Amino acid sequence: MRRKWAVLGLTVATMVATAPEPPQERLVRVYGDLAGAERIAVVVPGSDTTAAAFERGHHRPGGAARALLAEAGRIAPGTKVAVVAWLGYDSPAMLSLHTVMTDRARAGGAALSRTLESLARRTSAPITLICHSYGALVCGHTRLGPGVRTVAIGSPGLADGAAPDWAGMAGGDWVARVPRLRIGPIGYGADPRSAARVFATGTGGHSDYFAPGGVSLRNLTLLVLRFYDRVSSTA
């Protein structure tokens, strides 16, 4: 326990020493036909996400959205799916105090709540939030409408009292070693897996959840399609 406090203290001290971050550019992009969709996913990314790198690889929001659409086409070609890649908040830089505080998650949660309300006015399709890393903290501060399901992957924690429907942590994800501690407003809550159904996400790292051909992408797509009986567990 003493070692965990020391690690967290050193991390915070390093982050406090960094320069303040300027406001981030926001970007929300829809992939697929939102109006005709029968299933909708909203990808909520974590730290170090920028509009400039939105499409650079499957670990970025745009790449993740395209990977989900492609996998859905393979699993259920007759089901119309749309994916919203959502960078509607100030994603914190990895080496900054904001990554261990909830200020940006709270603001992001309010913005995401408005997005969900807007979607609910436009469509009756079931919505699934896929919340990666710090994005899970954003989802934890979001008002969920009827039928909205949440999936947390690579998450260091959620807001107090919040719990996702599903959670996964890849075998090689360094976030699994992050101390589950809180010092006043600094730190994370409990592991989301303690209050959710846990699904298999493979042996990849923190950036591999949407990698094509992997068990993680397949299970995430099955969750979006709501084929829950086909989702593989870690057991």
# chains A, B, ... in the order shown; residues from 1 in each chain; ligands from 1
$ residues_around --residues "region 39-55 of chain A" --least-positions-apart "4" --cutoff "8 Å" --atoms "only C-alpha atoms" --output "NGL selection string"
:A and (24-27 or 34 or 60-65 or 79-87 or 91-94 or 99 or 125-136 or 138-139 or 224-225)
$ residues_around --residues "Ala167 (chain A)" --least-positions-apart "2" --cutoff "10 Å" --atoms "only C-alpha atoms" --output "list in words"
Ile130, Cys131, Ala136, Thr150, Val151, Ala152, Ile153, Gly154, Ser155, Ala163, Pro164, Asp165, Met169, Asp191, Pro192, Arg193, Ser194, Ala195, Ala196, Arg197, Val198, Phe199, Ala200 and Thr201 of chain A
$ write_last_selection --atoms "N, CA, C and O atoms" --output "CSV table (one decimal), in the first residue's frame"
chain,number,residue,atom,x,y,z
A,130,ILE,N,-19.1,3.3,-25.9
A,130,ILE,CA,-17.8,2.5,-25.7
A,130,ILE,C,-16.8,3.5,-25.2
A,130,ILE,O,-16.4,4.4,-26.0
A,131,CYS,N,-16.4,3.4,-24.0
A,131,CYS,CA,-15.7,4.4,-23.3
A,131,CYS,C,-14.3,3.9,-23.0
A,131,CYS,O,-14.1,3.0,-22.2
A,136,ALA,N,-13.8,6.7,-20.0
A,136,ALA,CA,-14.7,6.0,-19.1
A,136,ALA,C,-15.1,6.9,-18.0
A,136,ALA,O,-16.2,6.9,-17.4
A,150,THR,N,-23.5,1.1,-21.4
A,150,THR,CA,-22.1,1.6,-21.4
A,150,THR,C,-21.1,0.4,-21.3
A,150,THR,O,-21.3,-0.6,-20.6
A,151,VAL,N,-20.0,0.6,-22.0
A,151,VAL,CA,-18.9,-0.4,-22.0
A,151,VAL,C,-17.7,0.3,-21.7
A,151,VAL,O,-17.3,1.3,-22.4
A,152,ALA,N,-16.9,-0.1,-20.7
A,152,ALA,CA,-15.7,0.6,-20.3
A,152,ALA,C,-14.5,-0.4,-20.6
A,152,ALA,O,-14.5,-1.5,-20.2
A,153,ILE,N,-13.5,0.2,-21.3
A,153,ILE,CA,-12.4,-0.6,-21.7
A,153,ILE,C,-11.1,0.2,-21.3
A,153,ILE,O,-11.0,1.4,-21.5
A,154,GLY,N,-10.1,-0.6,-20.8
A,154,GLY,CA,-8.9,0.1,-20.4
A,154,GLY,C,-9.1,1.2,-19.4
A,154,GLY,O,-8.4,2.2,-19.5
A,155,SER,N,-10.1,1.1,-18.5
A,155,SER,CA,-10.5,2.2,-17.7
A,155,SER,C,-9.7,2.2,-16.3
A,155,SER,O,-9.7,1.2,-15.6
A,163,ALA,N,-21.5,2.9,-12.7
A,163,ALA,CA,-21.1,1.5,-13.0
A,163,ALA,C,-21.4,1.2,-14.4
A,163,ALA,O,-22.6,1.5,-14.8
A,164,PRO,N,-20.5,0.7,-15.2
A,164,PRO,CA,-20.8,0.4,-16.6
A,164,PRO,C,-21.6,-1.0,-16.7
A,164,PRO,O,-21.6,-1.7,-15.7
A,165,ASP,N,-22.2,-1.2,-17.8
A,165,ASP,CA,-22.9,-2.5,-18.0
A,165,ASP,C,-21.9,-3.6,-18.2
A,165,ASP,O,-22.0,-4.7,-17.7
A,169,MET,N,-10.5,-5.4,-19.7
A,169,MET,CA,-9.1,-4.9,-19.6
A,169,MET,C,-8.2,-5.9,-20.3
A,169,MET,O,-8.1,-7.1,-19.9
A,191,ASP,N,-12.2,-0.1,-9.6
A,191,ASP,CA,-12.1,-0.8,-10.9
A,191,ASP,C,-13.4,-1.0,-11.5
A,191,ASP,O,-14.3,-1.7,-10.8
A,192,PRO,N,-13.8,-0.5,-12.7
A,192,PRO,CA,-15.1,-0.7,-13.2
A,192,PRO,C,-15.5,-2.2,-13.4
A,192,PRO,O,-16.7,-2.6,-13.3
A,193,ARG,N,-14.5,-3.1,-13.4
A,193,ARG,CA,-14.8,-4.5,-13.6
A,193,ARG,C,-15.5,-5.1,-12.3
A,193,ARG,O,-16.1,-6.2,-12.4
A,194,SER,N,-15.3,-4.4,-11.2
A,194,SER,CA,-15.9,-4.9,-10.0
A,194,SER,C,-17.4,-4.8,-9.9
A,194,SER,O,-18.1,-5.4,-9.1
A,195,ALA,N,-18.0,-4.0,-10.8
A,195,ALA,CA,-19.4,-3.7,-10.8
A,195,ALA,C,-20.1,-3.9,-12.2
A,195,ALA,O,-21.1,-3.4,-12.4
A,196,ALA,N,-19.4,-4.7,-13.0
A,196,ALA,CA,-19.9,-4.9,-14.4
A,196,ALA,C,-19.7,-6.3,-14.8
A,196,ALA,O,-19.0,-7.1,-14.2
A,197,ARG,N,-20.3,-6.7,-15.9
A,197,ARG,CA,-20.1,-8.0,-16.6
A,197,ARG,C,-18.8,-7.8,-17.3
A,197,ARG,O,-18.6,-6.9,-18.1
A,198,VAL,N,-17.9,-8.7,-17.1
A,198,VAL,CA,-16.5,-8.7,-17.7
A,198,VAL,C,-16.5,-9.5,-18.9
A,198,VAL,O,-16.9,-10.7,-18.9
A,199,PHE,N,-15.9,-8.9,-20.0
A,199,PHE,CA,-15.8,-9.7,-21.3
A,199,PHE,C,-14.3,-9.8,-21.7
A,199,PHE,O,-13.5,-9.0,-21.3
A,200,ALA,N,-14.1,-10.7,-22.6
A,200,ALA,CA,-12.7,-11.0,-23.0
A,200,ALA,C,-12.2,-9.9,-24.0
A,200,ALA,O,-13.0,-9.4,-24.9
A,201,THR,N,-11.0,-9.4,-23.7
A,201,THR,CA,-10.4,-8.4,-24.6
A,201,THR,C,-9.0,-8.7,-25.1
A,201,THR,O,-8.3,-7.9,-25.6
$ select_by_dssp --residues "region 51-233 of chain A" --states "helix (DSSP H, G or I)" --output "PyMOL selection string"
chain A and resi 61-75+97-100+103-122+134-140+174-177+192-195+215-225+228-230
$ select_by_dssp --residues "chain A" --states "strand (DSSP E)" --output "PDB file with N, CA and C atoms, in the first residue's frame"
ATOM      1  N   LEU A  27     -14.214  17.562 -32.092  1.00  0.00           N
ATOM      2  CA  LEU A  27     -14.617  16.955 -33.361  1.00  0.00           C
ATOM      3  C   LEU A  27     -15.549  15.786 -33.077  1.00  0.00           C
ATOM      4  N   VAL A  28     -16.733  15.804 -33.680  1.00  0.00           N
ATOM      5  CA  VAL A  28     -17.698  14.711 -33.587  1.00  0.00           C
ATOM      6  C   VAL A  28     -18.059  14.315 -35.015  1.00  0.00           C
ATOM      7  N   ARG A  29     -17.848  13.043 -35.353  1.00  0.00           N
ATOM      8  CA  ARG A  29     -18.053  12.600 -36.726  1.00  0.00           C
ATOM      9  C   ARG A  29     -18.875  11.312 -36.742  1.00  0.00           C
ATOM     10  N   VAL A  30     -19.814  11.229 -37.688  1.00  0.00           N
ATOM     11  CA  VAL A  30     -20.688  10.059 -37.807  1.00  0.00           C
ATOM     12  C   VAL A  30     -20.209   9.186 -38.959  1.00  0.00           C
ATOM     13  N   TYR A  31     -20.136   7.889 -38.703  1.00  0.00           N
ATOM     14  CA  TYR A  31     -19.768   6.903 -39.713  1.00  0.00           C
ATOM     15  C   TYR A  31     -20.972   5.985 -39.917  1.00  0.00           C
ATOM     16  N   ARG A  39     -28.759   0.096 -34.900  1.00  0.00           N
ATOM     17  CA  ARG A  39     -27.883   0.071 -33.728  1.00  0.00           C
ATOM     18  C   ARG A  39     -26.907   1.232 -33.860  1.00  0.00           C
ATOM     19  N   ILE A  40     -26.634   1.900 -32.726  1.00  0.00           N
ATOM     20  CA  ILE A  40     -25.716   3.042 -32.738  1.00  0.00           C
ATOM     21  C   ILE A  40     -24.669   2.855 -31.639  1.00  0.00           C
ATOM     22  N   ALA A  41     -23.413   3.092 -31.998  1.00  0.00           N
ATOM     23  CA  ALA A  41     -22.333   3.109 -31.017  1.00  0.00           C
ATOM     24  C   ALA A  41     -21.766   4.513 -30.938  1.00  0.00           C
ATOM     25  N   VAL A  42     -21.366   4.913 -29.739  1.00  0.00           N
ATOM     26  CA  VAL A  42     -20.683   6.192 -29.544  1.00  0.00           C
ATOM     27  C   VAL A  42     -19.331   5.879 -28.909  1.00  0.00           C
ATOM     28  N   VAL A  43     -18.257   6.178 -29.638  1.00  0.00           N
ATOM     29  CA  VAL A  43     -16.899   5.927 -29.147  1.00  0.00           C
ATOM     30  C   VAL A  43     -16.411   7.172 -28.414  1.00  0.00           C
ATOM     31  N   VAL A  44     -16.082   7.001 -27.131  1.00  0.00           N
ATOM     32  CA  VAL A  44     -15.614   8.113 -26.294  1.00  0.00           C
ATOM     33  C   VAL A  44     -14.147   7.852 -25.942  1.00  0.00           C
ATOM     34  N   VAL A  81     -25.814  -0.298 -38.941  1.00  0.00           N
ATOM     35  CA  VAL A  81     -25.108   0.234 -37.772  1.00  0.00           C
ATOM     36  C   VAL A  81     -24.490   1.587 -38.121  1.00  0.00           C
ATOM     37  N   ALA A  82     -24.549   2.513 -37.185  1.00  0.00           N
ATOM     38  CA  ALA A  82     -23.857   3.797 -37.306  1.00  0.00           C
ATOM     39  C   ALA A  82     -22.987   3.986 -36.064  1.00  0.00           C
ATOM     40  N   VAL A  83     -21.840   4.610 -36.267  1.00  0.00           N
ATOM     41  CA  VAL A  83     -20.926   4.859 -35.154  1.00  0.00           C
ATOM     42  C   VAL A  83     -20.621   6.354 -35.086  1.00  0.00           C
ATOM     43  N   VAL A  84     -20.762   6.913 -33.895  1.00  0.00           N
ATOM     44  CA  VAL A  84     -20.418   8.311 -33.652  1.00  0.00           C
ATOM     45  C   VAL A  84     -19.066   8.343 -32.942  1.00  0.00           C
ATOM     46  N   ALA A  85     -18.057   8.884 -33.609  1.00  0.00           N
ATOM     47  CA  ALA A  85     -16.750   9.075 -32.977  1.00  0.00           C
ATOM     48  C   ALA A  85     -16.789  10.446 -32.310  1.00  0.00           C
ATOM     49  N   TRP A  86     -16.695  10.452 -30.984  1.00  0.00           N
ATOM     50  CA  TRP A  86     -17.040  11.644 -30.210  1.00  0.00           C
ATOM     51  C   TRP A  86     -15.842  12.215 -29.460  1.00  0.00           C
ATOM     52  N   LEU A  87     -15.287  13.285 -29.977  1.00  0.00           N
ATOM     53  CA  LEU A  87     -14.278  14.054 -29.240  1.00  0.00           C
ATOM     54  C   LEU A  87     -14.913  15.398 -28.925  1.00  0.00           C
ATOM     55  N   ILE A 127     -28.574   2.643 -28.214  1.00  0.00           N
ATOM     56  CA  ILE A 127     -27.262   3.298 -28.214  1.00  0.00           C
ATOM     57  C   ILE A 127     -26.344   2.618 -27.206  1.00  0.00           C
ATOM     58  N   THR A 128     -25.107   2.367 -27.639  1.00  0.00           N
ATOM     59  CA  THR A 128     -24.094   1.794 -26.758  1.00  0.00           C
ATOM     60  C   THR A 128     -22.891   2.725 -26.704  1.00  0.00           C
ATOM     61  N   LEU A 129     -22.515   3.158 -25.507  1.00  0.00           N
ATOM     62  CA  LEU A 129     -21.310   3.967 -25.321  1.00  0.00           C
ATOM     63  C   LEU A 129     -20.118   3.043 -25.135  1.00  0.00           C
ATOM     64  N   ILE A 130     -19.076   3.254 -25.927  1.00  0.00           N
ATOM     65  CA  ILE A 130     -17.822   2.522 -25.743  1.00  0.00           C
ATOM     66  C   ILE A 130     -16.797   3.524 -25.238  1.00  0.00           C
ATOM     67  N   CYS A 131     -16.431   3.386 -23.977  1.00  0.00           N
ATOM     68  CA  CYS A 131     -15.669   4.406 -23.262  1.00  0.00           C
ATOM     69  C   CYS A 131     -14.263   3.883 -22.967  1.00  0.00           C
ATOM     70  N   HIS A 132     -13.267   4.486 -23.601  1.00  0.00           N
ATOM     71  CA  HIS A 132     -11.898   4.005 -23.483  1.00  0.00           C
ATOM     72  C   HIS A 132     -11.072   4.886 -22.549  1.00  0.00           C
ATOM     73  N   ARG A 149     -26.601   1.728 -23.088  1.00  0.00           N
ATOM     74  CA  ARG A 149     -25.705   0.809 -22.391  1.00  0.00           C
ATOM     75  C   ARG A 149     -24.275   1.342 -22.448  1.00  0.00           C
ATOM     76  N   THR A 150     -23.486   1.073 -21.410  1.00  0.00           N
ATOM     77  CA  THR A 150     -22.112   1.568 -21.361  1.00  0.00           C
ATOM     78  C   THR A 150     -21.122   0.412 -21.275  1.00  0.00           C
ATOM     79  N   VAL A 151     -20.024   0.588 -21.997  1.00  0.00           N
ATOM     80  CA  VAL A 151     -18.940  -0.396 -22.015  1.00  0.00           C
ATOM     81  C   VAL A 151     -17.650   0.349 -21.688  1.00  0.00           C
ATOM     82  N   ALA A 152     -16.941  -0.072 -20.657  1.00  0.00           N
ATOM     83  CA  ALA A 152     -15.682   0.562 -20.260  1.00  0.00           C
ATOM     84  C   ALA A 152     -14.522  -0.358 -20.615  1.00  0.00           C
ATOM     85  N   ILE A 153     -13.540   0.174 -21.349  1.00  0.00           N
ATOM     86  CA  ILE A 153     -12.356  -0.612 -21.711  1.00  0.00           C
ATOM     87  C   ILE A 153     -11.094   0.161 -21.337  1.00  0.00           C
ATOM     88  N   TRP A 166     -20.843  -3.285 -18.996  1.00  0.00           N
ATOM     89  CA  TRP A 166     -19.793  -4.231 -19.356  1.00  0.00           C
ATOM     90  C   TRP A 166     -18.441  -3.554 -19.166  1.00  0.00           C
ATOM     91  N   ALA A 167     -17.411  -4.356 -18.903  1.00  0.00           N
ATOM     92  CA  ALA A 167     -16.066  -3.807 -18.755  1.00  0.00           C
ATOM     93  C   ALA A 167     -15.047  -4.841 -19.198  1.00  0.00           C
ATOM     94  N   GLY A 168     -13.922  -4.343 -19.726  1.00  0.00           N
ATOM     95  CA  GLY A 168     -12.849  -5.233 -20.144  1.00  0.00           C
ATOM     96  C   GLY A 168     -11.499  -4.570 -19.975  1.00  0.00           C
ATOM     97  N   ARG A 182      -7.568   7.458  -4.187  1.00  0.00           N
ATOM     98  CA  ARG A 182      -8.045   8.827  -4.369  1.00  0.00           C
ATOM     99  C   ARG A 182      -7.555   9.680  -3.200  1.00  0.00           C
ATOM    100  N   ILE A 183      -6.935  10.823  -3.534  1.00  0.00           N
ATOM    101  CA  ILE A 183      -6.487  11.769  -2.525  1.00  0.00           C
ATOM    102  C   ILE A 183      -7.261  13.060  -2.767  1.00  0.00           C
ATOM    103  N   ILE A 186      -8.000  14.138  -6.380  1.00  0.00           N
ATOM    104  CA  ILE A 186      -7.022  13.507  -7.260  1.00  0.00           C
ATOM    105  C   ILE A 186      -7.102  11.985  -7.133  1.00  0.00           C
ATOM    106  N   GLY A 187      -7.062  11.307  -8.256  1.00  0.00           N
ATOM    107  CA  GLY A 187      -7.056   9.854  -8.256  1.00  0.00           C
ATOM    108  C   GLY A 187      -8.303   9.276  -8.894  1.00  0.00           C
ATOM    109  N   ARG A 197     -20.349  -6.684 -15.930  1.00  0.00           N
ATOM    110  CA  ARG A 197     -20.092  -7.967 -16.576  1.00  0.00           C
ATOM    111  C   ARG A 197     -18.783  -7.825 -17.341  1.00  0.00           C
ATOM    112  N   VAL A 198     -17.860  -8.738 -17.093  1.00  0.00           N
ATOM    113  CA  VAL A 198     -16.524  -8.652 -17.685  1.00  0.00           C
ATOM    114  C   VAL A 198     -16.458  -9.515 -18.940  1.00  0.00           C
TER     115      VAL A 198
END
$ closest_residue --among "A:Gly171, A:Gly213, A:Gly147, A:Gly157" --to "Arg226 (chain A)" --atoms "only C-alpha atoms"
A:Gly147
$ residues_around --residues "Ala159 (chain A)" --least-positions-apart "4" --cutoff "7 Å" --atoms "only C-alpha atoms" --output "list in words"
Leu137, Gly140, His141 and Gly189 of chain A
$ atom_distance --atom1 "CA of Gly145 (chain A)" --atom2 "CA of Glu117 (chain A)"
7.4 Å
$ atom_distance --atom1 "CA of Pro212 (chain A)" --atom2 "CA of Ala67 (chain A)"
6.5 Å
$ closest_residue --among "A:Leu119, A:Leu69, A:Leu158, A:Leu144" --to "Ala105 (chain A)" --atoms "only C-alpha atoms"
A:Leu158
